[in-house]
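K.L.:
For reference, the file work-v3.tsv (TSV, C-alpha atoms) is included below:
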chain	number	residue	atom	x	y	z
A	1	MET	CA	2.57	11.55	-6.97
A	2	LYS	CA	1.42	9.39	-9.86
A	3	VAL	CA	-0.06	5.91	-9.80
A	4	SER	CA	2.98	4.69	-11.73
A	5	GLU	CA	5.14	5.43	-8.67
A	6	TYR	CA	3.13	3.06	-6.47
A	7	MET	CA	2.07	0.24	-8.76
A	8	MET	CA	3.65	-3.17	-9.05
A	9	ALA	CA	5.29	-3.42	-12.45
A	10	PRO	CA	5.34	-5.51	-14.45
A	11	PRO	CA	2.05	-7.09	-13.36
A	12	VAL	CA	1.61	-10.84	-13.04
A	13	THR	CA	-0.19	-11.95	-16.19
A	14	VAL	CA	-1.35	-15.06	-17.99
A	15	SER	CA	-2.60	-15.42	-21.55
A	16	PRO	CA	-6.31	-16.16	-22.14
A	17	ASP	CA	-5.64	-19.77	-23.15
A	18	THR	CA	-3.82	-20.56	-19.89
A	19	THR	CA	-5.59	-23.32	-18.00
A	20	VAL	CA	-7.09	-22.89	-14.56
A	21	ARG	CA	-4.47	-25.26	-13.16
A	22	GLN	CA	-1.60	-23.30	-14.73
A	23	THR	CA	-3.12	-20.06	-13.49
A	24	ALA	CA	-3.25	-21.40	-9.94
A	25	LEU	CA	0.41	-22.42	-10.20
A	26	ARG	CA	1.28	-18.96	-11.55
A	27	MET	CA	-0.44	-17.40	-8.54
A	28	GLU	CA	1.50	-19.68	-6.20
A	29	ASP	CA	4.82	-18.93	-7.90
A	30	ALA	CA	4.24	-15.17	-7.78
A	31	ALA	CA	2.63	-15.23	-4.30
A	32	VAL	CA	-0.38	-13.27	-5.52
A	33	GLY	CA	-4.12	-13.80	-5.20
A	34	SER	CA	-5.03	-12.55	-8.64
A	35	VAL	CA	-3.53	-12.33	-12.09
A	36	LEU	CA	-4.32	-10.19	-15.06
A	37	VAL	CA	-5.27	-11.93	-18.28
A	38	ALA	CA	-3.55	-10.30	-21.21
A	39	THR	CA	-2.67	-10.85	-24.83
A	40	GLY	CA	0.74	-9.29	-25.10
A	41	ASP	CA	0.33	-5.94	-23.39
A	42	ARG	CA	-3.43	-5.73	-24.03
A	43	LEU	CA	-5.56	-6.33	-20.97
A	44	GLN	CA	-8.32	-8.91	-21.47
A	45	GLY	CA	-9.55	-9.45	-17.93
A	46	ILE	CA	-8.70	-10.37	-14.39
A	47	VAL	CA	-9.03	-13.61	-12.44
A	48	THR	CA	-8.71	-14.07	-8.70
A	49	ASP	CA	-8.06	-17.12	-6.57
A	50	ARG	CA	-11.67	-16.84	-5.48
A	51	ASP	CA	-12.78	-17.00	-9.13
A	52	LEU	CA	-10.83	-20.24	-9.54
A	53	VAL	CA	-12.57	-21.74	-6.52
A	54	VAL	CA	-16.11	-20.42	-6.98
A	55	ARG	CA	-16.40	-20.45	-10.77
A	56	CYS	CA	-14.48	-23.65	-11.42
A	57	LEU	CA	-13.71	-25.97	-8.51
A	58	ALA	CA	-17.03	-25.47	-6.69
A	59	GLN	CA	-18.89	-26.19	-9.93
A	60	GLY	CA	-16.97	-29.40	-10.53
A	61	GLY	CA	-15.20	-27.66	-13.39
A	62	ASP	CA	-12.26	-28.98	-15.35
A	63	PRO	CA	-8.88	-27.62	-14.18
A	64	ASP	CA	-7.85	-27.64	-17.82
A	65	THR	CA	-10.49	-25.05	-18.66
A	66	ALA	CA	-9.06	-21.92	-20.26
A	67	VAL	CA	-8.90	-19.09	-17.78
A	68	SER	CA	-10.66	-16.82	-20.27
A	69	ASP	CA	-13.84	-18.80	-19.56
A	70	LEU	CA	-13.99	-17.67	-15.96
A	71	MET	CA	-12.13	-14.36	-15.87
A	72	SER	CA	-13.92	-11.08	-15.30
A	73	PRO	CA	-13.61	-9.42	-18.70
A	74	SER	CA	-14.79	-5.97	-17.73
A	75	VAL	CA	-12.11	-4.45	-15.61
A	76	ALA	CA	-12.04	-0.86	-14.50
A	77	THR	CA	-8.53	0.48	-14.76
A	78	LEU	CA	-6.34	3.33	-13.63
A	79	ASP	CA	-4.06	5.32	-15.84
A	80	ALA	CA	-0.37	5.37	-15.00
A	81	THR	CA	-0.47	9.16	-14.99
A	82	ASP	CA	-3.45	9.38	-12.63
A	83	ASP	CA	-2.76	11.14	-9.37
A	84	VAL	CA	-2.58	8.72	-6.45
A	85	GLU	CA	-5.32	10.72	-4.73
A	86	ALA	CA	-7.62	9.70	-7.59
A	87	ALA	CA	-6.68	6.10	-6.92
A	88	TYR	CA	-7.69	6.48	-3.26
A	89	ARG	CA	-11.05	7.85	-4.36
A	90	THR	CA	-11.51	5.05	-6.89
A	91	PHE	CA	-10.82	2.33	-4.32
A	92	ARG	CA	-13.09	4.00	-1.80
A	93	ARG	CA	-16.00	4.15	-4.26
A	94	ALA	CA	-15.55	0.88	-6.12
A	95	GLY	CA	-15.06	-1.56	-3.26
A	96	VAL	CA	-12.27	-3.40	-5.06
A	97	ARG	CA	-8.80	-4.28	-3.85
A	98	ARG	CA	-6.83	-4.04	-7.05
A	99	ARG	CA	-6.88	-2.17	-10.32
A	100	PRO	CA	-4.85	-2.79	-13.48
A	101	VAL	CA	-2.84	0.22	-14.62
A	102	LEU	CA	-2.66	1.24	-18.26
A	103	ASP	CA	-0.38	3.56	-20.16
A	104	GLY	CA	-2.71	4.46	-22.99
A	105	HIS	CA	-3.90	1.00	-24.07
A	106	ARG	CA	-0.79	-0.74	-22.80
A	107	LEU	CA	-0.96	-2.77	-19.59
A	108	VAL	CA	1.94	-1.63	-17.41
A	109	GLY	CA	1.13	-2.56	-13.82
A	110	VAL	CA	-1.34	-3.23	-11.08
A	111	LEU	CA	-2.16	-1.11	-8.07
A	112	THR	CA	-3.53	-2.74	-4.93
A	113	VAL	CA	-4.92	-1.55	-1.63
A	114	ASP	CA	-1.71	-2.84	-0.05
A	115	ASP	CA	0.31	-0.45	-2.23
A	116	LEU	CA	-1.76	2.44	-0.88
A	117	PHE	CA	-1.42	1.09	2.64
A	118	LEU	CA	2.36	1.40	2.31
A	119	ASP	CA	1.80	4.94	1.07
A	120	VAL	CA	-0.03	5.63	4.34
A	121	PHE	CA	3.16	4.73	6.20
A	122	GLN	CA	5.08	7.16	4.03
A	123	ARG	CA	2.54	9.84	4.91
A	124	LEU	CA	3.00	9.10	8.60
A	125	ALA	CA	6.73	9.40	8.08
A	126	ASP	CA	6.19	12.74	6.37
A	127	LEU	CA	4.40	13.98	9.50
A	128	LEU	CA	7.21	12.66	11.65
A	129	GLY	CA	9.64	14.50	9.39
A	130	SER	CA	7.80	17.74	10.06
A	131	VAL	CA	8.21	17.21	13.78
A	132	ALA	CA	11.92	16.56	13.33
A	133	TRP	CA	12.50	19.59	11.12
A	134	SER	CA	10.80	21.80	13.68
A	135	VAL	CA	13.61	20.86	16.08
A	136	LEU	CA	16.28	21.66	13.52
A	137	ARG	CA	14.87	25.13	13.08
A	138	ASP	CA	15.29	25.82	16.78
A	139	PRO	CA	18.41	27.61	18.00
A	140	PRO	CA	20.91	25.04	19.33
A	141	GLU	CA	20.47	26.10	22.94
A	142	LEU	CA	16.71	25.59	22.66
A	143	ALA	CA	17.14	22.28	20.89
A	144	ALA	CA	19.23	21.07	23.80
A	145	LEU	CA	16.29	21.77	26.06
A	146	ARG	CA	14.07	19.66	23.84
A	147	ARG	CA	14.92	16.52	25.72
A	148	PRO	CA	11.94	16.49	27.98
A	149	THR	CA	10.59	13.73	30.11
A	150	ALA	CA	7.08	14.69	29.12
A	151	PRO	CA	5.65	13.52	25.79
A	152	ALA	CA	6.15	15.90	22.91
A	153	LYS	CA	2.98	17.14	21.34
A	154	GLY	CA	2.75	16.50	17.64
B	1	MET	CA	11.71	11.23	6.11
B	2	ALA	CA	11.56	7.97	4.19
B	3	ALA	CA	9.59	4.92	5.28
B	4	ASN	CA	10.73	1.48	4.21
B	5	CYS	CA	8.27	-1.28	5.01
B	6	THR	CA	8.57	-5.04	4.83
B	7	MET	CA	5.63	-7.40	4.72
B	8	ALA	CA	5.27	-10.34	7.08
B	9	THR	CA	6.33	-13.75	5.82
B	10	ASP	CA	4.26	-15.75	8.28
B	11	GLY	CA	1.28	-16.03	5.96
B	12	THR	CA	-0.65	-13.10	7.39
B	13	ALA	CA	-1.17	-10.04	5.23
B	14	ARG	CA	0.38	-7.30	7.34
B	15	VAL	CA	3.30	-4.92	7.50
B	16	ALA	CA	5.95	-6.51	9.71
B	17	THR	CA	8.55	-3.76	9.97
B	18	THR	CA	8.76	-0.07	9.21
B	19	ALA	CA	12.15	1.59	9.06
B	20	LEU	CA	12.08	5.37	9.14
B	21	ARG	CA	15.11	7.31	7.98
B	22	LEU	CA	15.56	11.04	8.37
B	23	THR	CA	18.27	12.62	6.25
B	24	VAL	CA	19.62	15.71	7.96
B	25	PRO	CA	22.40	18.22	7.48
B	26	ASP	CA	25.54	17.91	9.57
B	27	LEU	CA	24.36	17.95	13.19
B	28	SER	CA	26.13	18.09	16.51
B	29	PRO	CA	25.60	15.09	18.82
B	30	GLU	CA	23.53	17.34	21.09
B	31	ARG	CA	21.17	18.37	18.32
B	32	THR	CA	20.93	14.80	17.05
B	33	ALA	CA	19.97	13.67	20.53
B	34	ALA	CA	17.41	16.45	20.82
B	35	LEU	CA	15.95	15.57	17.47
B	36	LEU	CA	15.64	11.88	18.34
B	37	ALA	CA	14.14	12.75	21.71
B	38	VAL	CA	11.40	14.83	20.13
B	39	VAL	CA	10.65	12.37	17.34
B	40	GLU	CA	10.52	9.41	19.70
B	41	ARG	CA	8.02	11.17	21.96
B	42	CYS	CA	5.67	12.59	19.35
B	43	THR	CA	2.16	11.33	18.68
B	44	VAL	CA	3.01	9.79	15.33
B	45	HIS	CA	5.92	7.75	16.66
B	46	ASN	CA	4.08	6.75	19.82
B	47	THR	CA	1.13	5.53	17.79
B	48	LEU	CA	3.31	3.55	15.42
B	49	GLU	CA	5.08	1.99	18.38
B	50	ARG	CA	1.89	1.19	20.21
B	51	PRO	CA	-0.99	0.83	17.73
B	52	PRO	CA	-4.39	2.13	18.79
B	53	GLU	CA	-7.15	-0.25	19.71
B	54	VAL	CA	-9.25	-0.62	16.58
B	55	THR	CA	-12.92	-1.48	16.63
B	56	PHE	CA	-15.30	-2.08	13.76
B	57	ASP	CA	-18.95	-1.33	13.72
B	58	VAL	CA	-21.51	-1.88	10.97
B	59	VAL	CA	-24.63	0.27	10.80
B	60	ARG	CA	-27.34	0.64	8.22
B	61	GLU	CA	-27.25	3.86	6.22
B	62	GLY	CA	-29.23	6.58	7.92
B	63	THR	CA	-29.27	4.89	11.33
B	64	GLY	CA	-25.78	5.60	12.59
B	65	PRO	CA	-24.69	8.53	14.72
Rewrite the structure from the file as structure tokens, please.
P.N.:
Amino acid sequence: MKVSEYMMAPPVTVSPDTTVRQTALRMEDAAVGSVLVATGDRLQGIVTDRDLVVRCLAQGGDPDTAVSDLMSPSVATLDATDDVEAAYRTFRRAGVRRRPVLDGHRLVGVLTVDDLFLDVFQRLADLLGSVAWSVLRDPPELAALRRPTAPAKG
Amino acid sequence: MAANCTMATDGTARVATTALRLTVPDLSPERTAALLAVVERCTVHNTLERPPEVTFDVVREGTGP
């Protein structure tokens, strides 16, 4: 499965000249804690709600400051065609909670730890499916006996 | 088996519901009942229904078990 199948697309973005105040409102509107800063579909950086607080408000900064002044410009990214297993490894190593996703140089989405958490549920469901299919492979008379009072192993 | 999750809307970041759907061929009521009985008693389902107690521990590298 590819990263593109799990990512949120399109990502929530603002342009570099967006003010801190407008960025905070954008986060509120989209119910997200971070936005990607982009010019068109070219990724410029990322800014989180924590960045707004620590790098602006806590410093007595001006809410009309351009977000490009406090974004993190160096952002590690994933490729839309990366295998999701690579994304797991990346998150495990990097200690980050979100990664922009590119298709070549084009910004196409964002993948978060929450997206992978939902994938974990799908993996649990896959295991449950295996248990179910094992019953379907049984002869009908045996399947009828599979209504035990004891817990099923698996 | 497909899992469809919804996130909580109470302000906490958590999965609120998980709906699991198994698409099967035409089954008799007896086999459907048997299938549900097995699925609902298996470890995966039991653990989803009743989450394990989770503990966190922080140790310095090289000092943990």
K.L.:
Considering only C-alpha atoms, state which residue in the set A:Leu118, A:Val3, A:Leu52, A:Met8 is at the smallest distance from Leu25 in chain A.
P.N.:
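Closest to Leu25 in chain A of all the choices is A:Leu52.
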K.L.:
Need to verify the contact set: Val67 in chain A, 8 Å, all atoms listed in the file, exclusion of same-chain residues closer than 5 positions in sequence. Can you return it as a VMD selection string?
P.N.:
chain A and resid 16 to 20 23 47
K.L.:
Please produce an output containing C-alpha atoms for each residue in the selection, written as an mmCIF file, in the coordinates of the input.
P.N.:
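File written: again.cif
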data_model
loop_
_atom_site.group_PDB
_atom_site.id
_atom_site.type_symbol
_atom_site.label_atom_id
_atom_site.label_comp_id
_atom_site.auth_asym_id
_atom_site.auth_seq_id
_atom_site.Cartn_x
_atom_site.Cartn_y
_atom_site.Cartn_z
ATOM 1 C CA PRO A 16 -6.310 -16.160 -22.140
ATOM 2 C CA ASP A 17 -5.640 -19.770 -23.150
ATOM 3 C CA THR A 18 -3.820 -20.560 -19.890
ATOM 4 C CA THR A 19 -5.590 -23.320 -18.000
ATOM 5 C CA VAL A 20 -7.090 -22.890 -14.560
ATOM 6 C CA THR A 23 -3.120 -20.060 -13.490
ATOM 7 C CA VAL A 47 -9.030 -13.610 -12.440
#
K.L.:
Do you know which residues lie at most 8 Å from (6.8, -3.2, 13.1), with coordinates as in the file and all atoms listed in the file counted, and could you write them as a PyMOL selection string?
P.N.:
chain B and resi 15-18+48-49
K.L.:
Could you check which of B:Thr23, B:Thr43, B:Thr9, B:Thr55 is closest to chain A, using only C-alpha atoms?
P.N.:
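Between B:Thr23, B:Thr43, B:Thr9, B:Thr55, the residue approaching chain A most closely is B:Thr43.
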K.L.:
Name the residues, using the chain letters and numbers of the file, that sit within 12 Å of (-12.2, -1.6, -8.2) when counting all atoms listed in the file, and give them as a PyMOL selection string.
P.N.:
chain A and resi 46+72+74-78+87-101+110-113
K.L.:
Counting only C-alpha atoms, which residues from chain B have an atom at most 12 Å from any atom of chain A, and could you show them as an MDAnalysis selection string?
P.N.:
chainID B and resid 1:7 9 11 13:48
